[in-house]
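Worksheet: the structure to be examined is printed underneath.
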Amino acid sequence: MDRSGNLATEELKMDEKWIIVNEEVRRPGAMTREQYILATQQNSLPRTENPQFYPVGIYGWRKRCLYFFVLLLLVTMIVNLAMTIWILKVMNFTVDGMGNLRVTKKGIRLEGISEFLLPLYVKEINSRKDSPLVLQSDRNVTVNARNHIGQLTGQLTVGADAVEAQCKRFEVRASEGGKVLFSADEDEIVIGADRLKVTGTEGAVFGHSVETPHIRAEPSQDLKLESPTRSLVMEAPRGVQINAAAGDLKATCRKELHLQSTEGEIFLNADTIRLGNLPVGSFSSSSPSSSAPRQTIYELCVCPNGKLYLSPAGASSTCQSSSNICLWS
């Protein structure tokens, strides 16, 4: 204890001498008085013989958890990298595209069979020059056209039972020249082909009137106009002409056949005009003879109502004698 006190007094005396010298002559770079006092106060603090050191860092379970998370992150990165490489390999990703899909300057080129699960919006679809374009669906194929505000303006549906087209006007044009072969709208249907040919066994059925300048059958074929349950009317303001240049013209009916002209006349012009199945009137002669020849010549008579009948010809007119037919006609 005395030794440590002596050492402290000697150090204090030496410090006082250094202070006096330091106050008299200030050397460049020497400590000031305040700095020296602070330094001596720190040196005078009691020093412990066994100082304690505190470790700096992560130790124990925290360190193990950190290593575990780092290892888990590394495994996840490796798995993601492997999956990415596998997807690129399976999908056949290249610089030009993916699989059968190729990106070109003109657009997208798709080869092989492709399935679209959602709507497809394109401006134009073209097939290769050496193969057709096939659109196939399990239910139906629908093509829609919309305007700039999204409203539906046209629709074409190809289904299992029917092909439906919904639009303002439907047209079918020829490949050469663009001639309209068929067009339909709400007002009319126009057939622009040079010839309309109906090959069905039942022919063509029209629910309403038909306007045409010419109806002609195929060569060596018959033309038949028929109405199974109703009447057949042919009308023309300037006349109806029926001509059989190399055959017969027959008009057959079950009840009555009317030939009527309101202002003109009915003209029958032929080398021979025959009226068959006309009723024959009879009269009793004043001088009957059993050896009279067979009657082969008859007289054509007309009743007041226009009915025609035959009367055996005689030396004079016999129509009055056989006019009893007009009574019950």
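Simple scheme: letters A, B, ... for chains in structure tokens order, numbers from 1 for residues in each chain, numbers from 1 for ligands in the order shown.
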
Check your understanding: region 53-238 of chain A: which residues are strand (DSSP E) by DSSP, as an MDAnalysis selection string?
Key -> chainID A and resid 97:98 101:103 108:110 141:146 152:158 163:166 170:173 180:184 189:191

Revision key, fill the gap. Between A:Gly247, A:Gly306, A:Pro312, A:Gly177, smallest distance to Val280 (chain A) by only C-alpha atoms belongs to A:Pro312

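Going from CA of Val210 (chain A) to CA of Thr262 (chain A) covers 25.1 Å.
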
Exercise for review: Determine, counting only C-alpha atoms, which protein, DNA and RNA residues have an atom within 12 Å of an atom of Ala160 (chain A); residues of the same chain fewer than 4 positions away are not included. Present the result as a list in words.
Suggested key: Gln136, Ser137, Asp138, Arg139, Asn140, Val141 and Glu164 of chain A

Can you spit out the residues from that selection as an mmCIF file, in the first residue's frame, using all heavy atoms?
```cif
data_model
loop_
_atom_site.group_PDB
_atom_site.id
_atom_site.type_symbol
_atom_site.label_atom_id
_atom_site.label_comp_id
_atom_site.auth_asym_id
_atom_site.auth_seq_id
_atom_site.Cartn_x
_atom_site.Cartn_y
_atom_site.Cartn_z
ATOM 1 N N GLN A 136 -61.999 -26.512 -86.725
ATOM 2 C CA GLN A 136 -62.731 -27.664 -86.206
ATOM 3 C C GLN A 136 -63.105 -27.415 -84.755
ATOM 4 O O GLN A 136 -62.330 -26.833 -83.982
ATOM 5 C CB GLN A 136 -61.885 -28.926 -86.328
ATOM 6 C CG GLN A 136 -62.599 -30.195 -85.914
ATOM 7 C CD GLN A 136 -61.747 -31.424 -86.143
ATOM 8 O OE1 GLN A 136 -60.651 -31.328 -86.681
ATOM 9 N NE2 GLN A 136 -62.244 -32.578 -85.743
ATOM 10 N N SER A 137 -64.320 -27.844 -84.388
ATOM 11 C CA SER A 137 -64.807 -27.686 -83.023
ATOM 12 C C SER A 137 -65.724 -28.860 -82.704
ATOM 13 O O SER A 137 -66.376 -29.418 -83.595
ATOM 14 C CB SER A 137 -65.554 -26.358 -82.859
ATOM 15 O OG SER A 137 -66.117 -26.258 -81.569
ATOM 16 N N ASP A 138 -65.783 -29.225 -81.420
ATOM 17 C CA ASP A 138 -66.658 -30.316 -81.002
ATOM 18 C C ASP A 138 -68.128 -29.924 -81.065
ATOM 19 O O ASP A 138 -68.996 -30.778 -81.227
ATOM 20 C CB ASP A 138 -66.308 -30.758 -79.573
ATOM 21 C CG ASP A 138 -64.922 -31.382 -79.502
ATOM 22 O OD1 ASP A 138 -64.446 -31.841 -80.560
ATOM 23 O OD2 ASP A 138 -64.329 -31.384 -78.414
ATOM 24 N N ARG A 139 -68.434 -28.640 -80.944
ATOM 25 C CA ARG A 139 -69.832 -28.194 -80.967
ATOM 26 C C ARG A 139 -70.128 -27.368 -82.209
ATOM 27 O O ARG A 139 -70.811 -27.791 -83.101
ATOM 28 C CB ARG A 139 -70.146 -27.394 -79.698
ATOM 29 C CG ARG A 139 -70.062 -28.249 -78.429
ATOM 30 C CD ARG A 139 -70.514 -27.478 -77.216
ATOM 31 N NE ARG A 139 -70.475 -28.310 -76.010
ATOM 32 C CZ ARG A 139 -70.823 -27.878 -74.801
ATOM 33 N NH1 ARG A 139 -71.246 -26.637 -74.639
ATOM 34 N NH2 ARG A 139 -70.756 -28.696 -73.775
ATOM 35 N N ASN A 140 -69.605 -26.182 -82.299
ATOM 36 C CA ASN A 140 -69.813 -25.370 -83.491
ATOM 37 C C ASN A 140 -68.660 -24.393 -83.636
ATOM 38 O O ASN A 140 -67.868 -24.195 -82.715
ATOM 39 C CB ASN A 140 -71.153 -24.622 -83.425
ATOM 40 C CG ASN A 140 -71.288 -23.777 -82.164
ATOM 41 O OD1 ASN A 140 -70.326 -23.202 -81.679
ATOM 42 N ND2 ASN A 140 -72.482 -23.715 -81.611
ATOM 43 N N VAL A 141 -68.599 -23.792 -84.811
ATOM 44 C CA VAL A 141 -67.598 -22.775 -85.120
ATOM 45 C C VAL A 141 -68.341 -21.478 -85.408
ATOM 46 O O VAL A 141 -69.185 -21.429 -86.302
ATOM 47 C CB VAL A 141 -66.729 -23.183 -86.323
ATOM 48 C CG1 VAL A 141 -65.743 -22.075 -86.668
ATOM 49 C CG2 VAL A 141 -65.989 -24.474 -86.029
ATOM 50 N N GLU A 164 -75.716 -21.084 -90.062
ATOM 51 C CA GLU A 164 -76.500 -19.864 -89.899
ATOM 52 C C GLU A 164 -75.623 -18.648 -90.133
ATOM 53 O O GLU A 164 -74.485 -18.586 -89.654
ATOM 54 C CB GLU A 164 -77.120 -19.792 -88.499
ATOM 55 C CG GLU A 164 -78.068 -20.945 -88.184
ATOM 56 C CD GLU A 164 -78.638 -20.839 -86.786
ATOM 57 O OE1 GLU A 164 -78.264 -19.878 -86.071
ATOM 58 O OE2 GLU A 164 -79.446 -21.711 -86.413
#
```

Exercise for review: Mind checking which residues fall within 12 Å of Asp96 (chain A), counting only C-alpha atoms, ignoring those fewer than 4 positions away in the same chain, and posting them as a PyMOL selection string?
Suggested key: chain A and resi 92+100-105+107-110

Review point. Within 12 Å of region 216-221 of chain A, counting only C-alpha atoms, which residues qualify if same-chain residues fewer than 2 places away don't, as a VMD selection string?
Key: chain A and resid 195 to 199 203 212 to 214 223 to 225 242 to 244 246

Store the residues picked out above, limited to all heavy atoms, as a CSV table (one decimal), in the first residue's frame.
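Contents of selection31.csv, as written:
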```
chain,number,residue,atom,x,y,z
A,195,ARG,N,-78.0,-19.6,-115.0
A,195,ARG,CA,-79.0,-20.6,-115.0
A,195,ARG,C,-79.3,-21.1,-113.6
A,195,ARG,O,-78.4,-21.3,-112.8
A,195,ARG,CB,-78.6,-21.8,-115.9
A,195,ARG,CG,-79.6,-22.9,-115.9
A,195,ARG,CD,-79.1,-24.1,-116.7
A,195,ARG,NE,-78.9,-23.7,-118.1
A,195,ARG,CZ,-78.5,-24.6,-119.0
A,195,ARG,NH1,-78.2,-25.8,-118.7
A,195,ARG,NH2,-78.3,-24.2,-120.3
A,196,LEU,N,-80.6,-21.2,-113.2
A,196,LEU,CA,-81.0,-21.8,-112.0
A,196,LEU,C,-81.5,-23.2,-112.2
A,196,LEU,O,-82.5,-23.4,-112.9
A,196,LEU,CB,-82.1,-20.9,-111.3
A,196,LEU,CG,-82.7,-21.5,-110.0
A,196,LEU,CD1,-81.6,-21.6,-108.9
A,196,LEU,CD2,-83.8,-20.6,-109.5
A,197,LYS,N,-80.9,-24.2,-111.6
A,197,LYS,CA,-81.2,-25.6,-111.9
A,197,LYS,C,-81.6,-26.2,-110.6
A,197,LYS,O,-80.9,-26.2,-109.6
A,197,LYS,CB,-80.0,-26.3,-112.5
A,197,LYS,CG,-80.3,-27.8,-112.9
A,197,LYS,CD,-79.1,-28.4,-113.5
A,197,LYS,CE,-79.3,-29.8,-114.0
A,197,LYS,NZ,-78.2,-30.4,-114.7
A,198,VAL,N,-82.8,-26.8,-110.6
A,198,VAL,CA,-83.4,-27.5,-109.4
A,198,VAL,C,-83.4,-29.0,-109.8
A,198,VAL,O,-84.1,-29.4,-110.7
A,198,VAL,CB,-84.8,-27.0,-109.1
A,198,VAL,CG1,-85.3,-27.8,-107.9
A,198,VAL,CG2,-84.7,-25.5,-108.8
A,199,THR,N,-82.7,-29.8,-109.1
A,199,THR,CA,-82.5,-31.3,-109.4
A,199,THR,C,-83.3,-32.1,-108.4
A,199,THR,O,-83.3,-33.4,-108.6
A,199,THR,CB,-81.1,-31.7,-109.3
A,199,THR,OG1,-80.5,-31.4,-108.0
A,199,THR,CG2,-80.2,-30.9,-110.4
A,203,GLY,N,-89.1,-31.0,-107.2
A,203,GLY,CA,-89.1,-29.8,-107.9
A,203,GLY,C,-88.9,-28.6,-107.0
A,203,GLY,O,-88.3,-28.7,-105.9
A,212,THR,N,-91.3,-14.2,-113.5
A,212,THR,CA,-90.2,-14.6,-114.3
A,212,THR,C,-90.5,-14.3,-115.8
A,212,THR,O,-91.7,-14.5,-116.2
A,212,THR,CB,-89.8,-16.0,-114.1
A,212,THR,OG1,-88.8,-16.4,-115.0
A,212,THR,CG2,-91.0,-16.9,-114.3
A,213,PRO,N,-89.6,-13.9,-116.6
A,213,PRO,CA,-89.9,-13.7,-118.0
A,213,PRO,C,-89.8,-15.0,-118.8
A,213,PRO,O,-90.4,-15.0,-119.9
A,213,PRO,CB,-88.7,-12.7,-118.5
A,213,PRO,CG,-87.6,-13.0,-117.6
A,213,PRO,CD,-88.2,-13.4,-116.3
A,214,HIS,N,-89.2,-16.1,-118.3
A,214,HIS,CA,-89.1,-17.3,-119.1
A,214,HIS,C,-88.9,-18.5,-118.2
A,214,HIS,O,-88.1,-18.5,-117.2
A,214,HIS,CB,-87.8,-17.1,-120.0
A,214,HIS,CG,-87.7,-18.2,-121.0
A,214,HIS,ND1,-86.6,-18.5,-121.7
A,214,HIS,CD2,-88.7,-19.1,-121.4
A,214,HIS,CE1,-86.8,-19.5,-122.6
A,214,HIS,NE2,-88.1,-19.9,-122.4
A,223,LEU,N,-91.6,-30.1,-119.0
A,223,LEU,CA,-91.8,-29.0,-118.0
A,223,LEU,C,-93.2,-29.1,-117.4
A,223,LEU,O,-94.2,-29.2,-118.1
A,223,LEU,CB,-91.7,-27.6,-118.7
A,223,LEU,CG,-92.0,-26.4,-117.8
A,223,LEU,CD1,-91.0,-26.3,-116.7
A,223,LEU,CD2,-92.0,-25.1,-118.7
A,224,LYS,N,-93.3,-29.2,-116.1
A,224,LYS,CA,-94.5,-29.4,-115.4
A,224,LYS,C,-94.7,-28.4,-114.3
A,224,LYS,O,-93.8,-28.2,-113.4
A,224,LYS,CB,-94.5,-30.8,-114.8
A,224,LYS,CG,-95.8,-31.2,-114.1
A,224,LYS,CD,-95.8,-32.6,-113.6
A,224,LYS,CE,-97.1,-33.0,-113.0
A,224,LYS,NZ,-97.1,-34.4,-112.5
A,225,LEU,N,-95.8,-27.7,-114.4
A,225,LEU,CA,-96.2,-26.7,-113.4
A,225,LEU,C,-97.4,-27.3,-112.6
A,225,LEU,O,-98.4,-27.5,-113.3
A,225,LEU,CB,-96.5,-25.3,-114.0
A,225,LEU,CG,-95.4,-24.7,-114.8
A,225,LEU,CD1,-96.0,-23.3,-115.4
A,225,LEU,CD2,-94.2,-24.4,-114.0
A,242,ILE,N,-98.5,-19.9,-124.8
A,242,ILE,CA,-98.1,-21.3,-124.6
A,242,ILE,C,-97.9,-21.9,-125.9
A,242,ILE,O,-98.8,-21.9,-126.8
A,242,ILE,CB,-99.2,-22.0,-123.8
A,242,ILE,CG1,-99.4,-21.4,-122.4
A,242,ILE,CG2,-98.7,-23.5,-123.6
A,242,ILE,CD1,-100.5,-22.0,-121.6
A,243,ASN,N,-96.7,-22.3,-126.2
A,243,ASN,CA,-96.3,-22.8,-127.5
A,243,ASN,C,-95.6,-24.2,-127.4
A,243,ASN,O,-94.7,-24.4,-126.6
A,243,ASN,CB,-95.4,-21.8,-128.2
A,243,ASN,CG,-95.0,-22.2,-129.6
A,243,ASN,OD1,-95.7,-23.0,-130.2
A,243,ASN,ND2,-94.0,-21.6,-130.2
A,244,ALA,N,-96.2,-25.1,-128.2
A,244,ALA,CA,-95.5,-26.4,-128.3
A,244,ALA,C,-95.1,-26.6,-129.8
A,244,ALA,O,-96.0,-26.9,-130.6
A,244,ALA,CB,-96.5,-27.5,-127.9
A,246,ALA,N,-93.1,-28.7,-131.4
A,246,ALA,CA,-93.0,-30.0,-132.0
A,246,ALA,C,-93.8,-31.1,-131.3
A,246,ALA,O,-93.5,-32.2,-131.3
A,246,ALA,CB,-91.5,-30.4,-132.0
```

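Checking A:Ser282, A:Gln295, A:Gln166, A:Ser175 one by one against Ser311 (chain A), counting only C-alpha atoms, you find the shortest gap at A:Ser282.
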
Practice item. Fewer than 4 positions away in the same chain doesn't count, so skip those; otherwise give me all residues within 8 Å of region 297-299 of chain A, counting only C-alpha atoms, as a PyMOL selection string. Key: chain A and resi 310-313+317-319

Please produce a file of those selected residues containing N, CA and C atoms, as a PDB file, in the first residue's frame.
```pdb
ATOM      1  N   LEU A 310    -125.452 -32.453-131.005  1.00  0.00           N
ATOM      2  CA  LEU A 310    -125.554 -32.906-132.387  1.00  0.00           C
ATOM      3  C   LEU A 310    -126.987 -33.334-132.674  1.00  0.00           C
ATOM      4  N   SER A 311    -127.387 -33.073-133.897  1.00  0.00           N
ATOM      5  CA  SER A 311    -128.710 -33.484-134.378  1.00  0.00           C
ATOM      6  C   SER A 311    -128.524 -34.150-135.734  1.00  0.00           C
ATOM      7  N   PRO A 312    -129.182 -35.276-135.968  1.00  0.00           N
ATOM      8  CA  PRO A 312    -129.029 -35.947-137.262  1.00  0.00           C
ATOM      9  C   PRO A 312    -129.391 -34.994-138.403  1.00  0.00           C
ATOM     10  N   ALA A 313    -128.526 -34.962-139.376  1.00  0.00           N
ATOM     11  CA  ALA A 313    -128.743 -34.055-140.499  1.00  0.00           C
ATOM     12  C   ALA A 313    -129.865 -34.581-141.391  1.00  0.00           C
ATOM     13  N   SER A 317    -132.867 -28.164-141.543  1.00  0.00           N
ATOM     14  CA  SER A 317    -132.332 -28.164-140.184  1.00  0.00           C
ATOM     15  C   SER A 317    -133.202 -28.986-139.265  1.00  0.00           C
ATOM     16  N   THR A 318    -132.572 -29.796-138.460  1.00  0.00           N
ATOM     17  CA  THR A 318    -133.281 -30.660-137.506  1.00  0.00           C
ATOM     18  C   THR A 318    -133.016 -30.262-136.063  1.00  0.00           C
ATOM     19  N   CYS A 319    -132.376 -29.110-135.847  1.00  0.00           N
ATOM     20  CA  CYS A 319    -132.059 -28.689-134.473  1.00  0.00           C
ATOM     21  C   CYS A 319    -133.322 -28.449-133.678  1.00  0.00           C
TER      22      CYS A 319
END
```

Exercise for review: Please return as a PyMOL selection string: the residues of region 73-195 of chain A that backbone DSSP assigns to helix (DSSP H, G or I).
Suggested key: chain A and resi 73-90

Check your understanding: What is the CA of Glu186 (chain A)-CA of Ile215 (chain A) distance in Å, reported with one decimal?
Key -> 25.8 Å
